[in-house]
$ cat upload.txt   # compact mmCIF, C-alpha atoms and all ligand atoms
# COMPACT_ATOMS: atom_id res chain seq x y z
CA MET N 203 -0.72 -11.91 28.95
CA ASN N 204 -4.35 -11.18 28.04
CA THR N 205 -5.55 -13.68 25.42
CA ILE N 206 -8.44 -13.30 22.96
CA SER N 207 -9.75 -16.44 21.24
CA THR N 208 -11.43 -16.47 17.84
CA LYS N 209 -12.34 -18.81 15.02
CA CYS N 210 -10.98 -16.31 12.53
CA LEU N 211 -8.32 -13.65 13.00
CA ILE N 212 -7.94 -11.04 10.26
CA ILE N 213 -4.65 -9.15 10.20
CA GLY N 214 -4.85 -5.84 8.32
CA SER N 215 -7.64 -3.37 7.59
CA GLY N 216 -7.59 -2.49 3.89
CA PRO N 217 -10.18 -3.58 1.29
CA ALA N 218 -9.11 -7.24 1.64
CA GLY N 219 -9.28 -7.27 5.45
CA TYR N 220 -12.64 -5.51 5.72
CA THR N 221 -14.21 -7.65 3.00
CA ALA N 222 -12.96 -10.77 4.76
CA GLY N 223 -14.50 -9.28 7.92
CA ILE N 224 -17.90 -8.82 6.24
CA TYR N 225 -17.99 -12.40 4.94
CA ALA N 226 -16.56 -14.03 8.08
CA SER N 227 -19.00 -12.10 10.29
CA ARG N 228 -21.97 -13.11 8.17
CA ALA N 229 -20.76 -16.73 8.39
CA ASN N 230 -20.90 -16.49 12.20
CA LEU N 231 -17.16 -16.93 12.64
CA ASN N 232 -17.12 -13.99 15.11
CA PRO N 233 -13.94 -12.67 13.49
CA VAL N 234 -11.43 -10.44 15.22
CA MET N 235 -9.34 -7.91 13.29
CA ILE N 236 -5.98 -6.42 14.24
CA GLU N 237 -6.06 -3.27 12.16
CA GLY N 238 -2.34 -2.48 11.90
CA TYR N 239 -0.39 0.76 12.05
CA GLN N 240 -2.39 2.47 9.28
CA PRO N 241 -6.09 1.69 9.83
CA GLY N 242 -7.82 1.55 6.45
CA GLY N 243 -4.59 0.76 4.63
CA GLN N 244 -3.20 2.55 1.61
CA LEU N 245 -6.53 4.00 0.45
CA ILE N 246 -6.45 6.28 3.48
CA THR N 247 -3.75 8.23 1.65
CA THR N 248 -5.45 8.14 -1.75
CA THR N 249 -7.46 11.04 -3.14
CA ASP N 250 -10.12 10.07 -5.66
CA VAL N 251 -10.95 6.46 -6.38
CA GLU N 252 -12.76 6.41 -9.71
CA ASN N 253 -12.51 2.77 -10.67
CA PHE N 254 -14.27 1.01 -7.79
CA PRO N 255 -17.71 -0.15 -9.00
CA GLY N 256 -20.65 1.30 -7.12
CA TYR N 257 -19.33 4.86 -6.94
CA PRO N 258 -20.34 6.40 -10.29
CA GLU N 259 -19.04 9.83 -9.29
CA GLY N 260 -15.86 8.46 -7.66
CA VAL N 261 -15.14 8.51 -3.95
CA LYS N 262 -12.38 9.72 -1.62
CA GLY N 263 -10.18 6.85 -0.42
CA PRO N 264 -10.77 7.53 3.33
CA LYS N 265 -14.54 7.74 2.80
CA MET N 266 -14.53 4.43 0.98
CA MET N 267 -12.61 2.76 3.79
CA ASP N 268 -14.99 4.24 6.38
CA ASP N 269 -17.83 2.62 4.41
CA PHE N 270 -16.02 -0.74 4.31
CA ARG N 271 -15.41 -0.56 8.05
CA ALA N 272 -18.98 0.42 8.93
CA GLN N 273 -20.32 -2.44 6.82
CA ALA N 274 -18.02 -4.98 8.52
CA GLU N 275 -18.86 -3.66 12.00
CA ARG N 276 -22.58 -3.82 11.22
CA PHE N 277 -22.24 -7.61 10.94
CA GLY N 278 -20.19 -7.92 14.13
CA LEU N 279 -16.50 -7.65 13.22
CA THR N 280 -14.48 -6.86 16.38
CA ILE N 281 -11.62 -4.50 15.59
CA HIS N 282 -8.56 -4.01 17.81
CA SER N 283 -5.91 -1.40 17.16
CA GLY N 284 -2.33 -2.60 17.27
CA GLU N 285 0.31 -4.29 15.18
CA VAL N 286 1.16 -7.96 15.03
CA THR N 287 4.73 -8.38 16.28
CA LYS N 288 5.09 -12.19 16.51
CA VAL N 289 3.30 -15.22 15.07
CA ASP N 290 3.40 -18.92 15.84
CA PHE N 291 1.74 -20.93 13.08
CA THR N 292 3.23 -24.30 14.08
CA ASN N 293 0.07 -25.62 15.80
CA ARG N 294 -3.63 -24.78 15.90
CA PRO N 295 -4.94 -22.69 17.47
CA PHE N 296 -2.39 -20.32 15.97
CA LYS N 297 -0.86 -17.77 18.33
CA VAL N 298 -0.41 -14.14 17.34
CA GLU N 299 1.18 -11.55 19.60
CA VAL N 300 0.18 -7.89 19.31
CA ASN N 301 2.29 -4.82 20.20
CA ASP N 302 5.21 -6.82 21.62
CA GLY N 303 3.08 -8.81 24.03
CA ALA N 304 0.41 -6.25 24.98
CA PHE N 305 -2.05 -9.07 24.21
CA GLU N 306 -2.27 -12.33 22.32
CA VAL N 307 -4.84 -13.79 19.94
CA GLU N 308 -5.45 -17.54 19.65
CA ALA N 309 -7.08 -18.27 16.33
CA GLU N 310 -8.43 -21.36 14.57
CA THR N 311 -7.80 -19.64 11.23
CA VAL N 312 -5.84 -16.55 10.20
CA ILE N 313 -6.39 -14.29 7.19
CA ILE N 314 -3.36 -12.15 6.42
CA ALA N 315 -4.28 -8.90 4.65
CA THR N 316 -1.40 -6.65 5.68
CA GLY N 317 -0.99 -5.01 2.28
CA ALA N 318 2.13 -3.31 1.02
CA SER N 319 4.13 -0.16 1.83
CA ALA N 320 5.74 2.52 -0.30
CA ARG N 321 9.25 1.88 -1.61
CA TYR N 322 12.17 4.30 -1.46
CA LEU N 323 15.06 4.65 -3.94
CA GLY N 324 17.61 3.68 -1.29
CA LEU N 325 19.58 6.95 -1.32
CA ASP N 326 21.07 7.94 2.06
CA ASP N 327 19.71 11.45 1.43
CA GLU N 328 16.13 10.16 1.49
CA GLN N 329 16.47 9.28 5.16
CA LYS N 330 18.30 12.53 5.88
CA TYR N 331 15.42 14.66 4.56
CA LEU N 332 12.54 12.43 5.64
CA GLY N 333 9.92 14.79 7.04
CA MET N 334 12.01 17.74 5.85
CA GLY N 335 11.06 17.57 2.19
CA VAL N 336 11.02 13.84 1.45
CA SER N 337 7.69 12.00 1.55
CA ALA N 338 6.00 8.93 0.09
CA CYS N 339 2.50 10.32 0.45
CA ALA N 340 1.36 13.37 -1.48
CA THR N 341 -2.08 13.47 0.10
CA CYS N 342 -0.53 13.38 3.58
CA ASP N 343 2.17 16.00 3.03
CA GLY N 344 1.25 17.93 -0.12
CA PHE N 345 -0.37 20.67 1.92
CA PHE N 346 3.08 21.77 3.17
CA PHE N 347 4.16 22.54 -0.38
CA ARG N 348 1.53 25.05 -1.45
CA ASN N 349 2.95 27.42 -4.08
CA LYS N 350 6.31 25.62 -3.96
CA THR N 351 8.14 23.36 -6.39
CA VAL N 352 8.13 19.62 -5.90
CA ALA N 353 9.24 16.47 -7.70
CA VAL N 354 7.49 13.12 -7.95
CA VAL N 355 9.58 10.04 -8.76
CA GLY N 356 7.98 7.26 -10.81
CA GLY N 357 5.96 6.79 -13.98
CA GLY N 358 3.07 4.57 -12.85
CA ASP N 359 -0.51 5.38 -11.89
CA THR N 360 0.50 6.39 -8.38
CA ALA N 361 3.11 8.86 -9.65
CA CYS N 362 0.66 10.41 -12.14
CA GLU N 363 -2.05 10.62 -9.51
CA GLU N 364 0.30 12.22 -7.00
CA ALA N 365 1.74 14.66 -9.56
CA THR N 366 -1.77 15.74 -10.59
CA TYR N 367 -2.81 16.13 -6.96
CA LEU N 368 0.32 18.13 -6.10
CA ALA N 369 -0.16 20.36 -9.16
CA GLY N 370 -3.36 21.53 -7.47
CA LEU N 371 -1.28 22.87 -4.58
CA ALA N 372 2.24 23.54 -5.79
CA GLU N 373 3.49 26.06 -8.29
CA LYS N 374 5.41 23.50 -10.34
CA VAL N 375 5.78 19.72 -10.33
CA PHE N 376 8.63 17.75 -11.90
CA MET N 377 8.01 14.10 -12.65
CA ILE N 378 11.27 12.15 -12.62
CA VAL N 379 10.77 9.10 -14.85
CA ARG N 380 13.59 6.65 -15.46
CA LYS N 381 12.31 5.37 -18.83
CA ASP N 382 11.24 7.27 -21.93
CA TYR N 383 7.58 6.55 -21.32
CA LEU N 384 5.01 6.50 -18.51
CA ARG N 385 3.75 3.12 -17.35
CA ALA N 386 0.48 4.61 -16.09
CA SER N 387 -2.92 4.08 -17.73
CA LYS N 388 -3.65 6.30 -20.73
CA ALA N 389 -6.27 8.30 -18.80
CA MET N 390 -3.78 9.09 -16.02
CA GLN N 391 -1.05 9.97 -18.53
CA GLN N 392 -3.38 12.36 -20.32
CA ARG N 393 -4.12 14.20 -17.08
CA VAL N 394 -0.40 14.69 -16.57
CA PHE N 395 0.30 15.84 -20.14
CA ASP N 396 -2.68 18.20 -20.05
CA ASN N 397 -1.50 19.87 -16.84
CA PRO N 398 0.68 22.92 -17.61
CA LYS N 399 2.21 22.83 -14.11
CA ILE N 400 3.73 19.36 -14.59
CA VAL N 401 7.09 18.95 -16.33
CA VAL N 402 8.02 15.33 -17.10
CA LEU N 403 11.74 14.55 -17.09
CA PHE N 404 12.05 11.29 -19.03
CA ASN N 405 15.17 9.06 -18.97
CA THR N 406 16.08 10.67 -15.67
CA ASN N 407 17.32 9.30 -12.35
CA THR N 408 17.90 10.99 -9.01
CA VAL N 409 21.41 10.48 -7.63
CA GLY N 410 21.26 12.74 -4.56
CA LEU N 411 19.44 15.44 -2.65
CA PHE N 412 20.76 18.65 -1.13
CA GLY N 413 19.76 21.49 1.18
CA ASP N 414 20.54 22.80 4.64
CA PRO N 415 18.72 22.11 6.88
CA VAL N 416 15.69 21.32 4.71
CA LEU N 417 15.53 20.05 1.16
CA GLU N 418 16.45 22.57 -1.51
CA GLY N 419 17.05 20.43 -4.57
CA ALA N 420 17.94 17.16 -6.27
CA HIS N 421 20.95 16.04 -8.29
CA VAL N 422 19.61 14.27 -11.36
CA VAL N 423 21.04 12.59 -14.44
CA THR N 424 19.27 12.45 -17.80
CA LYS N 425 20.71 9.83 -20.13
CA VAL N 426 19.65 9.45 -23.77
CA GLY N 427 21.80 6.99 -25.71
CA GLU N 428 25.41 7.87 -24.97
CA ASN N 429 24.56 11.42 -23.92
CA GLU N 430 24.53 11.93 -20.17
CA ASP N 431 23.48 15.23 -18.65
CA LYS N 432 24.05 15.82 -14.92
CA TYR N 433 22.25 18.79 -13.40
CA ASP N 434 20.38 20.03 -10.35
CA ILE N 435 16.72 20.92 -10.01
CA ALA N 436 15.54 23.28 -7.27
CA ILE N 437 12.74 21.62 -5.33
CA ASP N 438 11.19 21.94 -1.88
CA GLY N 439 9.52 18.53 -1.83
CA PHE N 440 10.56 15.09 -3.14
CA PHE N 441 7.76 12.53 -3.36
CA LEU N 442 8.43 8.84 -3.94
CA ALA N 443 5.87 6.94 -6.04
CA ILE N 444 7.86 3.94 -7.25
CA GLY N 445 5.72 1.06 -6.12
CA HIS N 446 5.37 -0.93 -2.96
CA SER N 447 6.85 -3.79 -0.95
CA PRO N 448 4.64 -6.36 0.79
CA ASN N 449 4.28 -6.08 4.57
CA THR N 450 5.43 -9.59 5.42
CA SER N 451 8.49 -9.24 7.65
CA VAL N 452 6.68 -10.67 10.68
CA PHE N 453 5.67 -13.79 8.68
CA LYS N 454 9.13 -14.45 7.20
CA ASN N 455 9.84 -17.71 8.99
CA ALA N 456 6.24 -18.77 9.45
CA ILE N 457 4.90 -19.19 5.87
CA GLU N 458 6.28 -19.39 2.35
CA LEU N 459 7.12 -16.08 0.69
CA ASP N 460 8.36 -15.52 -2.87
CA ASP N 461 11.69 -13.88 -3.68
CA GLN N 462 10.12 -10.40 -3.45
CA GLY N 463 8.53 -11.15 -0.09
CA TYR N 464 4.95 -11.66 -1.32
CA ILE N 465 2.98 -14.49 0.34
CA VAL N 466 2.71 -17.53 -1.92
CA THR N 467 -0.87 -18.81 -2.28
CA LYS N 468 -2.00 -22.09 -3.78
CA ALA N 469 -3.38 -21.69 -7.32
CA GLY N 470 -7.02 -20.70 -7.40
CA THR N 471 -7.28 -20.26 -3.61
CA CYS N 472 -6.12 -17.97 -0.80
CA ARG N 473 -4.43 -20.89 1.01
CA THR N 474 -0.84 -20.37 2.10
CA SER N 475 1.83 -22.97 2.87
CA VAL N 476 0.24 -23.42 6.34
CA ASP N 477 -3.18 -25.11 6.47
CA GLY N 478 -5.62 -22.72 8.14
CA VAL N 479 -3.65 -19.56 7.26
CA PHE N 480 -4.93 -17.59 4.26
CA ALA N 481 -3.72 -14.46 2.50
CA ALA N 482 -5.58 -11.79 0.53
CA GLY N 483 -4.91 -8.42 -1.05
CA ASP N 484 -1.67 -6.73 -2.07
CA VAL N 485 0.35 -8.80 0.43
CA ALA N 486 -0.13 -11.79 -1.88
CA ASP N 487 -0.55 -9.95 -5.19
CA PRO N 488 2.51 -8.65 -7.01
CA VAL N 489 0.50 -8.25 -10.23
CA TYR N 490 -2.86 -6.46 -9.95
CA GLN N 491 -2.66 -4.41 -6.73
CA GLN N 492 -6.15 -2.97 -7.10
CA ALA N 493 -8.68 -2.31 -4.33
CA ILE N 494 -11.36 -4.24 -6.20
CA VAL N 495 -9.08 -7.26 -6.59
CA ALA N 496 -8.06 -7.07 -2.92
CA ALA N 497 -11.72 -6.90 -1.87
CA GLY N 498 -12.54 -9.90 -4.06
CA ASN N 499 -9.70 -11.86 -2.55
CA GLY N 500 -10.79 -10.89 0.97
CA CYS N 501 -14.11 -12.55 0.15
CA ARG N 502 -12.35 -15.66 -1.17
CA ALA N 503 -10.11 -15.88 1.92
CA ALA N 504 -13.12 -15.74 4.26
CA LEU N 505 -14.93 -18.45 2.24
CA ASP N 506 -11.74 -20.56 2.29
CA ALA N 507 -11.48 -20.10 6.08
CA GLU N 508 -15.13 -21.02 6.57
CA ARG N 509 -14.71 -24.21 4.51
CA PHE N 510 -11.50 -25.07 6.35
CA LEU N 511 -13.29 -24.80 9.70
CA LEU N 512 -16.12 -27.00 8.46
CA MET N 513 -13.64 -29.70 7.46
CA ASN N 514 -11.36 -29.36 10.48
CA SER N 515 -13.52 -28.70 13.52
P1 LIG J 601 3.96 0.67 -10.54
O1 LIG J 601 4.77 -0.53 -10.22
O2 LIG J 601 2.85 0.56 -11.53
O3 LIG J 601 4.91 1.83 -11.07
C1 LIG J 601 6.11 2.13 -10.43
C2 LIG J 601 6.81 3.22 -11.19
O4 LIG J 601 8.00 3.56 -10.47
C3 LIG J 601 7.24 2.80 -12.59
O5 LIG J 601 7.18 3.90 -13.47
C4 LIG J 601 8.70 2.38 -12.37
O6 LIG J 601 9.51 2.58 -13.48
C5 LIG J 601 9.13 3.38 -11.30
N1 LIG J 601 10.25 2.89 -10.51
C6 LIG J 601 10.34 1.72 -9.82
N2 LIG J 601 11.53 1.62 -9.20
C7 LIG J 601 12.21 2.75 -9.51
C8 LIG J 601 13.49 3.25 -9.19
N3 LIG J 601 14.33 2.55 -8.40
N4 LIG J 601 13.86 4.44 -9.69
C9 LIG J 601 13.02 5.16 -10.46
N5 LIG J 601 11.79 4.75 -10.81
C10 LIG J 601 11.38 3.56 -10.34
O7 LIG J 601 3.45 1.19 -9.11
P2 LIG J 601 2.24 2.14 -8.76
O8 LIG J 601 2.35 2.35 -7.30
O9 LIG J 601 2.19 3.32 -9.64
O10 LIG J 601 0.94 1.26 -9.06
C11 LIG J 601 0.74 -0.02 -8.44
C12 LIG J 601 -0.59 -0.59 -8.94
O11 LIG J 601 -1.67 0.19 -8.41
C13 LIG J 601 -0.72 -0.57 -10.44
O12 LIG J 601 -1.39 -1.72 -10.86
C14 LIG J 601 -1.54 0.68 -10.70
O13 LIG J 601 -2.28 0.58 -11.90
C15 LIG J 601 -2.46 0.70 -9.48
N6 LIG J 601 -2.94 2.08 -9.15
C16 LIG J 601 -4.14 2.48 -9.64
C17 LIG J 601 -4.62 3.74 -9.35
C18 LIG J 601 -5.96 4.14 -9.87
O14 LIG J 601 -6.41 3.52 -10.81
N7 LIG J 601 -6.60 5.17 -9.31
C19 LIG J 601 -3.86 4.69 -8.53
C20 LIG J 601 -2.58 4.18 -8.11
C21 LIG J 601 -2.16 2.92 -8.42
P3 LIG J 601 9.51 1.55 -14.73
O15 LIG J 601 8.26 1.81 -15.48
O16 LIG J 601 10.74 1.95 -15.41
O17 LIG J 601 9.59 0.17 -14.13

$ encode --input "upload.txt" --output "structure tokens" --more "lines below"
Ligand code: NDP
Amino acid sequence: MNTISTKCLIIGSGPAGYTAGIYASRANLNPVMIEGYQPGGQLITTTDVENFPGYPEGVKGPKMMDDFRAQAERFGLTIHSGEVTKVDFTNRPFKVEVNDGAFEVEAETVIIATGASARYLGLDDEQKYLGMGVSACATCDGFFFRNKTVAVVGGGDTACEEATYLAGLAEKVFMIVRKDYLRASKAMQQRVFDNPKIVVLFNTNTVGLFGDPVLEGAHVVTKVGENEDKYDIAIDGFFLAIGHSPNTSVFKNAIELDDQGYIVTKAGTCRTSVDGVFAAGDVADPVYQQAIVAAGNGCRAALDAERFLLMNS
């Protein structure tokens, strides 16, 4: 098996991974990145990012990640495409296998920045209509629903952002919200309430989907107090926006994870339960999940790795 050796391996290519790459490169660690199955991470599927400092007019998510990448490459980050399929963190150098043994990386330190992935409700029908009406990415698939009717599930910032984006394409957008309020920021909520194409169904859950062969509608239940109303809505697209799960399955037996699967880091640092392995970004952050926070933690992880190498070389 072809083996690459590095002082610092970065797994994942979102804001945390690229920022770690910038700092580790400038510290002469000659870092290597395995970019994962979605280069650029979640921001690749985001429309406008308006809250990242330095972009007073806002910026498209993919453009921002191109900028991160170019900046990291300028300082010498080596990027390999591929997905980590096996890790051995029992001894240093750590061993990380990519694409089921296509090649291996031996690393003195590892920074895990694999992010998080969209969650689904868990209905069998979601799998049945995946790619035939069901999606977890409005910016990827919204185009297919021009002048149609769609639903977005969730009441957070992502759901509001996706509903607003879809309203620019579709004829009508239902938001299916399980509580009687939106969890999103006030600015995002206002955009939704101000948009005449968006209809918010509060206190509502989806119990099934129907259509043959493609999606034609959803079975929903609205419950207020003791009153329960079961009905169907006619939709062509069903977009999930109910949060994310950390991408940690490959690290399950290698480092400590919390009960939701997030990597546990030692207070005030990016250190994990294994000395020399660090974590940054959404993969270790069940609370903030912001690009700016992920980028900041990518910086901290690279500084932690640099200090670790100084003490342990
Ligand atoms: P959130 O966790 O903030 O919101 C998830 C939403 O999905 C909530 O309304 C939740 O309902 C609902 N939900 C969860 N599980 C289910 C279920 N099984 N059935 C129905 N509804 C469900 O996730 P987001 O992805 O929206 O946001 C994650 C983070 O990213 C947040 O910190 C957010 O602020 C940030 N973000 C910022 C953006 C920006 O500023 N441009 C854009 C997108 C995200 P309930 O409220 O009842 O729990």

$ residues_near_point --input "upload.txt" --point "(-14.1, -12.1, -4.9)" --cutoff "12 Å" --atoms "only C-alpha atoms" --output "JSON, numbers by chain"
{"N": [217, 218, 221, 222, 225, 470, 471, 472, 482, 483, 493, 494, 495, 496, 497, 498, 499, 500, 501, 502, 503, 504, 505, 506]}

$ closest_atom_pairs --input "upload.txt" --of "chain N" --to "ligand LIG 601 (chain J)" --cutoff "10 Å" --atoms "all atoms listed in the file" --output "JSON lines"
{"residue": "N:Gln244", "atom": "CA", "partner": "J:LIG601", "partner_atom": "C20", "distance": 9.9}
{"residue": "N:Leu245", "atom": "CA", "partner": "J:LIG601", "partner_atom": "C19", "distance": 9.4}
{"residue": "N:Thr248", "atom": "CA", "partner": "J:LIG601", "partner_atom": "C19", "distance": 7.8}
{"residue": "N:Thr249", "atom": "CA", "partner": "J:LIG601", "partner_atom": "N7", "distance": 8.6}
{"residue": "N:Asp250", "atom": "CA", "partner": "J:LIG601", "partner_atom": "N7", "distance": 7.1}
{"residue": "N:Val251", "atom": "CA", "partner": "J:LIG601", "partner_atom": "N7", "distance": 5.4}
{"residue": "N:Glu252", "atom": "CA", "partner": "J:LIG601", "partner_atom": "N7", "distance": 6.3}
{"residue": "N:Asn253", "atom": "CA", "partner": "J:LIG601", "partner_atom": "O14", "distance": 6.1}
{"residue": "N:Phe254", "atom": "CA", "partner": "J:LIG601", "partner_atom": "O14", "distance": 8.8}
{"residue": "N:Gly260", "atom": "CA", "partner": "J:LIG601", "partner_atom": "N7", "distance": 10.0}
{"residue": "N:Gly263", "atom": "CA", "partner": "J:LIG601", "partner_atom": "N7", "distance": 9.7}
{"residue": "N:Ser319", "atom": "CA", "partner": "J:LIG601", "partner_atom": "O8", "distance": 9.6}
{"residue": "N:Ala320", "atom": "CA", "partner": "J:LIG601", "partner_atom": "O8", "distance": 7.8}
{"residue": "N:Arg321", "atom": "CA", "partner": "J:LIG601", "partner_atom": "N2", "distance": 7.9}
{"residue": "N:Tyr322", "atom": "CA", "partner": "J:LIG601", "partner_atom": "N3", "distance": 7.5}
{"residue": "N:Leu323", "atom": "CA", "partner": "J:LIG601", "partner_atom": "N3", "distance": 5.0}
{"residue": "N:Gly324", "atom": "CA", "partner": "J:LIG601", "partner_atom": "N3", "distance": 7.9}
{"residue": "N:Leu325", "atom": "CA", "partner": "J:LIG601", "partner_atom": "N3", "distance": 9.9}
{"residue": "N:Val354", "atom": "CA", "partner": "J:LIG601", "partner_atom": "N5", "distance": 9.8}
{"residue": "N:Val355", "atom": "CA", "partner": "J:LIG601", "partner_atom": "N5", "distance": 6.1}
{"residue": "N:Gly356", "atom": "CA", "partner": "J:LIG601", "partner_atom": "O4", "distance": 3.7}
{"residue": "N:Gly357", "atom": "CA", "partner": "J:LIG601", "partner_atom": "O5", "distance": 3.2}
{"residue": "N:Gly358", "atom": "CA", "partner": "J:LIG601", "partner_atom": "O9", "distance": 3.6}
{"residue": "N:Asp359", "atom": "CA", "partner": "J:LIG601", "partner_atom": "O9", "distance": 4.1}
{"residue": "N:Thr360", "atom": "CA", "partner": "J:LIG601", "partner_atom": "O9", "distance": 3.7}
{"residue": "N:Ala361", "atom": "CA", "partner": "J:LIG601", "partner_atom": "O9", "distance": 5.6}
{"residue": "N:Cys362", "atom": "CA", "partner": "J:LIG601", "partner_atom": "O9", "distance": 7.7}
{"residue": "N:Glu363", "atom": "CA", "partner": "J:LIG601", "partner_atom": "C19", "distance": 6.3}
{"residue": "N:Glu364", "atom": "CA", "partner": "J:LIG601", "partner_atom": "C20", "distance": 8.6}
{"residue": "N:Ile378", "atom": "CA", "partner": "J:LIG601", "partner_atom": "C9", "distance": 7.5}
{"residue": "N:Val379", "atom": "CA", "partner": "J:LIG601", "partner_atom": "N5", "distance": 6.0}
{"residue": "N:Arg380", "atom": "CA", "partner": "J:LIG601", "partner_atom": "C9", "distance": 5.2}
{"residue": "N:Lys381", "atom": "CA", "partner": "J:LIG601", "partner_atom": "O16", "distance": 5.1}
{"residue": "N:Asp382", "atom": "CA", "partner": "J:LIG601", "partner_atom": "O16", "distance": 8.4}
{"residue": "N:Tyr383", "atom": "CA", "partner": "J:LIG601", "partner_atom": "O15", "distance": 7.6}
{"residue": "N:Leu384", "atom": "CA", "partner": "J:LIG601", "partner_atom": "O5", "distance": 6.1}
{"residue": "N:Arg385", "atom": "CA", "partner": "J:LIG601", "partner_atom": "O15", "distance": 5.1}
{"residue": "N:Ala386", "atom": "CA", "partner": "J:LIG601", "partner_atom": "O13", "distance": 6.4}
{"residue": "N:Ser387", "atom": "CA", "partner": "J:LIG601", "partner_atom": "O13", "distance": 6.8}
{"residue": "N:Ala389", "atom": "CA", "partner": "J:LIG601", "partner_atom": "O14", "distance": 9.3}
{"residue": "N:Met390", "atom": "CA", "partner": "J:LIG601", "partner_atom": "O14", "distance": 8.1}
{"residue": "N:Asn405", "atom": "CA", "partner": "J:LIG601", "partner_atom": "O16", "distance": 9.1}
{"residue": "N:Thr406", "atom": "CA", "partner": "J:LIG601", "partner_atom": "C9", "distance": 8.2}
{"residue": "N:Asn407", "atom": "CA", "partner": "J:LIG601", "partner_atom": "C9", "distance": 6.3}
{"residue": "N:Thr408", "atom": "CA", "partner": "J:LIG601", "partner_atom": "N4", "distance": 7.7}
{"residue": "N:Val409", "atom": "CA", "partner": "J:LIG601", "partner_atom": "N4", "distance": 9.9}
{"residue": "N:Leu442", "atom": "CA", "partner": "J:LIG601", "partner_atom": "O4", "distance": 8.4}
{"residue": "N:Ala443", "atom": "CA", "partner": "J:LIG601", "partner_atom": "O8", "distance": 5.9}
{"residue": "N:Ile444", "atom": "CA", "partner": "J:LIG601", "partner_atom": "O4", "distance": 3.2}
{"residue": "N:Gly445", "atom": "CA", "partner": "J:LIG601", "partner_atom": "O7", "distance": 3.8}
{"residue": "N:His446", "atom": "CA", "partner": "J:LIG601", "partner_atom": "O8", "distance": 6.2}
{"residue": "N:Ser447", "atom": "CA", "partner": "J:LIG601", "partner_atom": "O8", "distance": 9.9}
{"residue": "N:Asp484", "atom": "CA", "partner": "J:LIG601", "partner_atom": "C12", "distance": 9.3}
{"residue": "N:Pro488", "atom": "CA", "partner": "J:LIG601", "partner_atom": "O12", "distance": 8.8}
{"residue": "N:Val489", "atom": "CA", "partner": "J:LIG601", "partner_atom": "O12", "distance": 6.8}
{"residue": "N:Tyr490", "atom": "CA", "partner": "J:LIG601", "partner_atom": "O12", "distance": 5.0}
{"residue": "N:Gln491", "atom": "CA", "partner": "J:LIG601", "partner_atom": "C12", "distance": 4.9}
{"residue": "N:Gln492", "atom": "CA", "partner": "J:LIG601", "partner_atom": "O11", "distance": 5.6}
{"residue": "N:Ala493", "atom": "CA", "partner": "J:LIG601", "partner_atom": "C16", "distance": 8.5}

$ closest_residue --input "upload.txt" --among "N:Gly278, N:Gln462, N:Gly242, N:Gly478" --to "N:Ala229" --atoms "all atoms listed in the file"
N:Gly278

$ closest_residue --input "upload.txt" --among "N:Ile313, N:Ala274, N:Ile400, N:Leu411" --to "N:Gln329" --atoms "only C-alpha atoms"
N:Leu411

$ atom_distance --input "upload.txt" --atom1 "atom CA of N:Thr292" --atom2 "atom CA of N:Ile212"
17.8 Å

$ atom_distance --input "upload.txt" --atom1 "atom CA of N:Tyr331" --atom2 "atom CA of N:Val394"
26.4 Å

$ decode --input "upload.txt" --residues "stretch 219-228 of chain N" --atoms "N, CA and C atoms" --output "compact mmCIF listing (two decimals), in the first residue's frame"
# COMPACT_ATOMS: atom_id res chain seq x y z
N GLY N 219 -11.06 22.60 8.89
CA GLY N 219 -9.94 21.91 8.24
C GLY N 219 -9.03 22.87 7.50
N TYR N 220 -9.61 23.77 6.70
CA TYR N 220 -8.78 24.70 5.93
C TYR N 220 -8.02 25.67 6.84
N THR N 221 -8.69 26.13 7.91
CA THR N 221 -7.99 27.05 8.81
C THR N 221 -6.84 26.32 9.50
N ALA N 222 -7.09 25.08 9.92
CA ALA N 222 -5.99 24.29 10.49
C ALA N 222 -4.87 24.17 9.46
N GLY N 223 -5.24 24.01 8.18
CA GLY N 223 -4.25 23.88 7.11
C GLY N 223 -3.42 25.14 6.95
N ILE N 224 -4.07 26.31 7.05
CA ILE N 224 -3.34 27.58 6.94
C ILE N 224 -2.31 27.69 8.08
N TYR N 225 -2.77 27.44 9.29
CA TYR N 225 -1.87 27.60 10.45
C TYR N 225 -0.78 26.53 10.47
N ALA N 226 -1.13 25.29 10.17
CA ALA N 226 -0.11 24.22 10.21
C ALA N 226 0.91 24.41 9.09
N SER N 227 0.47 24.91 7.93
CA SER N 227 1.41 25.17 6.83
C SER N 227 2.38 26.27 7.22
N ARG N 228 1.84 27.33 7.79
CA ARG N 228 2.69 28.47 8.16
C ARG N 228 3.63 28.12 9.31
